[in-house]
>>> print(open('start21.csv').read())   # CSV, C-alpha atoms
chain,number,residue,atom,x,y,z
S,1,MET,CA,-2.3,-27.7,79.9
S,2,GLN,CA,-4.4,-26.7,76.8
S,3,ARG,CA,-2.8,-23.3,76.7
S,4,LEU,CA,0.7,-24.8,77.1
S,5,PHE,CA,0.1,-27.0,74.1
S,6,LEU,CA,-1.6,-24.3,71.9
S,7,THR,CA,1.1,-21.7,72.6
S,8,PHE,CA,3.8,-24.3,72.1
S,9,PHE,CA,5.3,-24.0,75.6
S,10,TYR,CA,4.2,-20.4,75.9
S,11,SER,CA,6.4,-19.3,72.9
S,12,GLY,CA,3.3,-17.8,71.4
S,13,ALA,CA,2.3,-15.9,74.6
S,14,ILE,CA,4.5,-12.9,73.7
S,15,ASN,CA,2.7,-9.9,72.2
S,16,PHE,CA,5.2,-9.0,69.4
S,17,ALA,CA,5.0,-11.3,66.4
S,18,PRO,CA,3.9,-14.4,68.3
S,19,GLY,CA,3.6,-16.5,65.1
S,20,THR,CA,7.1,-15.7,64.0
S,21,PHE,CA,8.5,-16.3,67.5
S,22,GLY,CA,6.6,-19.6,67.8
S,23,THR,CA,7.9,-20.7,64.5
S,24,ILE,CA,11.5,-19.9,65.5
S,25,VAL,CA,11.0,-21.9,68.7
S,26,ALA,CA,9.6,-24.8,66.7
S,27,LEU,CA,12.8,-24.9,64.6
S,28,ILE,CA,14.7,-26.1,67.6
S,29,PRO,CA,13.0,-29.5,67.9
S,30,ALA,CA,12.7,-29.6,64.1
S,31,PHE,CA,16.4,-29.4,63.8
S,32,PHE,CA,17.1,-32.2,66.3
S,33,ILE,CA,14.4,-34.4,64.9
S,34,LEU,CA,15.8,-34.0,61.4
S,35,LYS,CA,19.3,-34.6,62.6
S,36,TYR,CA,18.7,-37.6,64.8
S,37,LEU,CA,15.3,-39.2,63.9
S,38,GLY,CA,14.9,-38.3,60.2
S,39,ILE,CA,12.6,-36.7,57.7
S,40,GLN,CA,9.8,-39.2,58.1
S,41,THR,CA,9.6,-38.7,61.8
S,42,LEU,CA,9.2,-34.9,61.4
S,43,PHE,CA,6.7,-35.4,58.6
S,44,LEU,CA,4.6,-37.8,60.7
S,45,LEU,CA,4.8,-35.6,63.7
S,46,SER,CA,3.5,-32.7,61.7
S,47,ILE,CA,0.5,-34.7,60.6
S,48,LEU,CA,-0.1,-35.9,64.2
S,49,ILE,CA,0.0,-32.3,65.5
S,50,PHE,CA,-2.4,-31.3,62.8
S,51,VAL,CA,-4.9,-34.0,63.6
S,52,VAL,CA,-4.7,-33.6,67.4
S,53,SER,CA,-4.8,-29.8,67.4
S,54,ILE,CA,-8.1,-29.5,65.5
S,55,LYS,CA,-10.2,-30.8,68.5
S,56,ILE,CA,-8.1,-28.9,71.1
S,57,ILE,CA,-8.5,-25.6,69.2
S,58,ASP,CA,-12.3,-26.2,68.7
S,59,ASP,CA,-12.6,-26.6,72.5
S,60,TYR,CA,-10.4,-23.6,73.2
S,61,GLU,CA,-12.5,-21.4,70.8
S,62,LYS,CA,-15.7,-22.5,72.4
S,63,LYS,CA,-14.3,-21.4,75.8
S,64,THR,CA,-12.8,-18.1,74.7
S,65,LYS,CA,-15.3,-17.2,71.9
S,66,LYS,CA,-12.2,-16.2,69.8
S,67,HIS,CA,-11.3,-17.6,66.4
S,68,ASP,CA,-7.6,-18.0,65.6
S,69,ASP,CA,-6.2,-16.3,68.6
S,70,LYS,CA,-2.8,-14.8,67.7
S,71,HIS,CA,-1.2,-16.6,70.6
S,72,ILE,CA,-2.1,-20.0,69.3
S,73,VAL,CA,1.1,-21.1,67.5
S,74,ILE,CA,0.7,-24.9,67.3
S,75,ASP,CA,-0.5,-24.3,63.8
S,76,GLU,CA,2.8,-22.7,62.9
S,77,VAL,CA,4.6,-25.6,64.5
S,78,ALA,CA,2.8,-28.2,62.4
S,79,GLY,CA,3.2,-26.1,59.3
S,80,VAL,CA,7.0,-25.4,59.7
S,81,PHE,CA,7.5,-29.1,60.6
S,82,LEU,CA,5.8,-30.0,57.3
S,83,ALA,CA,7.8,-27.4,55.3
S,84,CYS,CA,11.1,-28.6,56.8
S,85,SER,CA,10.4,-32.3,56.2
S,86,ILE,CA,9.4,-31.7,52.5
S,87,ALA,CA,12.5,-29.5,52.0
S,88,ALA,CA,14.8,-32.0,53.6
S,89,SER,CA,13.6,-34.7,51.2
S,90,THR,CA,15.9,-33.0,48.6
S,91,SER,CA,18.7,-32.5,51.0
S,92,ASN,CA,18.7,-32.5,54.8
S,93,SER,CA,20.8,-29.3,54.8
S,94,ILE,CA,21.0,-26.0,56.6
S,95,LEU,CA,20.2,-24.1,53.4
S,96,ASN,CA,16.9,-26.1,53.0
S,97,PHE,CA,16.1,-25.6,56.6
S,98,ILE,CA,16.5,-21.8,56.4
S,99,LEU,CA,14.7,-21.5,53.1
S,100,ALA,CA,11.8,-23.6,54.4
S,101,PHE,CA,11.4,-21.3,57.4
S,102,VAL,CA,11.6,-18.1,55.3
S,103,PHE,CA,9.1,-19.3,52.7
S,104,PHE,CA,6.8,-20.7,55.4
S,105,ARG,CA,6.6,-17.3,57.2
S,106,LEU,CA,6.2,-15.5,53.8
S,107,PHE,CA,3.2,-17.8,52.9
S,108,ASP,CA,1.8,-17.8,56.4
S,109,ILE,CA,1.9,-14.0,56.7
S,110,THR,CA,0.8,-13.0,53.1
S,111,LYS,CA,-1.7,-16.0,52.7
S,112,PRO,CA,-1.6,-16.1,48.9
S,113,SER,CA,-4.2,-17.9,46.8
S,114,ILE,CA,-5.9,-20.9,48.4
S,115,ILE,CA,-4.1,-20.3,51.7
S,116,GLY,CA,-6.1,-17.1,52.1
S,117,ARG,CA,-9.3,-18.6,51.0
S,118,VAL,CA,-9.0,-21.4,53.6
S,119,ASP,CA,-8.0,-18.9,56.3
S,120,LYS,CA,-11.2,-16.8,55.6
S,121,GLY,CA,-13.6,-19.6,54.7
S,122,VAL,CA,-12.9,-22.5,57.0
S,123,LYS,CA,-13.9,-22.0,60.6
S,124,GLY,CA,-12.9,-23.7,63.8
S,125,GLY,CA,-9.8,-25.8,64.5
S,126,LEU,CA,-9.6,-27.1,61.0
S,127,GLY,CA,-9.4,-23.6,59.6
S,128,VAL,CA,-6.7,-22.5,62.1
S,129,MET,CA,-4.6,-25.6,61.2
S,130,LEU,CA,-5.3,-26.0,57.5
S,131,ASP,CA,-4.0,-22.6,56.2
S,132,ASP,CA,-0.7,-23.2,58.0
S,133,MET,CA,-0.4,-26.8,56.7
S,134,LEU,CA,-1.0,-25.4,53.2
S,135,ALA,CA,1.7,-22.7,53.8
S,136,GLY,CA,4.0,-25.5,55.0
S,137,LEU,CA,3.3,-27.6,51.9
S,138,PHE,CA,3.9,-24.8,49.5
S,139,ALA,CA,7.0,-23.6,51.4
S,140,GLY,CA,8.5,-27.1,51.4
S,141,LEU,CA,7.8,-27.6,47.7
S,142,LEU,CA,9.2,-24.2,46.7
S,143,THR,CA,12.3,-24.9,48.8
S,144,ALA,CA,12.8,-28.3,47.1
S,145,VAL,CA,12.3,-26.8,43.6
S,146,ILE,CA,14.8,-23.9,44.3
S,147,TYR,CA,17.3,-26.3,45.8
S,148,GLY,CA,17.0,-28.6,42.8
S,149,PHE,CA,17.5,-25.7,40.5
S,150,LEU,CA,20.6,-24.6,42.4
S,151,LEU,CA,22.0,-28.2,42.1
S,152,LYS,CA,21.1,-28.6,38.4
S,153,PHE,CA,22.8,-25.4,37.3
S,154,ASP,CA,25.7,-25.8,39.8
S,155,LEU,CA,24.8,-22.6,41.6
S,156,LEU,CA,25.0,-24.0,45.1
S,157,LEU,CA,27.9,-22.0,46.6
S,158,TRP,CA,27.7,-23.5,50.1
S,159,ASP,CA,25.7,-25.9,52.1
S,160,LEU,CA,26.0,-28.0,55.2
S,161,ASN,CA,24.2,-31.2,56.0
S,162,LEU,CA,22.4,-31.1,59.3
S,163,LYS,CA,24.1,-34.4,60.4
S,164,ASP,CA,27.5,-32.6,60.1
S,165,ILE,CA,26.6,-29.9,62.6
S,166,PHE,CA,28.0,-30.6,66.0
>>> encode(input="start21.csv", output="structure tokens")
Amino acid sequence: MQRLFLTFFYSGAINFAPGTFGTIVALIPAFFILKYLGIQTLFLLSILIFVVSIKIIDDYEKKTKKHDDKHIVIDEVAGVFLACSIAASTSNSILNFILAFVFFRLFDITKPSIIGRVDKGVKGGLGVMLDDMLAGLFAGLLTAVIYGFLLKFDLLLWDLNLKDIF
């Protein structure tokens, strides 16, 4: 059960780019939560996953003696949920959804600034989760800023609200 949760229903169990694959799989429930339950629900779910996962990861790391196993993708799930919820606060749209994903993966892979310091310096479940939450925070904020810029200068050529999709 622990592995099912940490790999987000085994989406992180693949060997090629498990973080990216887990993030893509996480976008499926994120889409439906944003469409039917709203931004606040996705935001709170992100925080809940963050808090609950810390202890579960600590237990897993004690058992496996491995820190931040590449197959653990629950941190990507919480991070992309946070990014999408922050981005959707400007507009719950497909463009924001895609940008949040792209920026989240960019920040999660490159780990710039404080994200990298947290990744290297904070151990245990908190370290595994916190760098992805920071990546999600910055990705969501950057997406909101870019979307606001596009609106302000009338550069938004297309967009579609998530509620208008099927």
>>> residues_around(input="start21.csv", residues="segment 63-71 of chain S", least_positions_apart="5", cutoff="7 Å", atoms="all atoms listed in the file", output="PyMOL selection string")
chain S and resi 7+12-13+18+124+128
>>> write_last_selection(input="start21.csv", atoms="C-alpha atoms", output="short mmCIF file (atom, residue, chain, number, x, y, z; two decimals), in the frame of the given file")
data_model
loop_
_atom_site.label_atom_id
_atom_site.label_comp_id
_atom_site.auth_asym_id
_atom_site.auth_seq_id
_atom_site.Cartn_x
_atom_site.Cartn_y
_atom_site.Cartn_z
CA THR S 7 1.10 -21.70 72.60
CA GLY S 12 3.30 -17.80 71.40
CA ALA S 13 2.30 -15.90 74.60
CA PRO S 18 3.90 -14.40 68.30
CA GLY S 124 -12.90 -23.70 63.80
CA VAL S 128 -6.70 -22.50 62.10
#
>>> residues_near_point(input="start21.csv", point="(1.7, -21.6, 59.6)", cutoff="9 Å", atoms="only C-alpha atoms", output="list of chain:residue names")
S:Gly19, S:Thr23, S:Val73, S:Ile74, S:Asp75, S:Glu76, S:Val77, S:Ala78, S:Gly79, S:Val80, S:Phe104, S:Arg105, S:Phe107, S:Asp108, S:Ile109, S:Val128, S:Met129, S:Leu130, S:Asp131, S:Asp132, S:Met133, S:Leu134, S:Ala135, S:Gly136
>>> residues_around(input="start21.csv", residues="Leu106 of chain S", least_positions_apart="5", cutoff="9 Å", atoms="only C-alpha atoms", output="MDAnalysis selection string")
chainID S and resid 101 111 135 139
>>> closest_residue(input="start21.csv", among="S:Ser11, S:Gln2, S:Ser46, S:Thr143", to="Leu95 of chain S", atoms="all atoms listed in the file")
S:Thr143
>>> atom_distance(input="start21.csv", atom1="atom CA of Leu151 of chain S", atom2="atom CA of Phe97 of chain S")
15.9 Å
>>> atom_distance(input="start21.csv", atom1="atom CA of Ile94 of chain S", atom2="atom CA of Asp159 of chain S")
6.5 Å
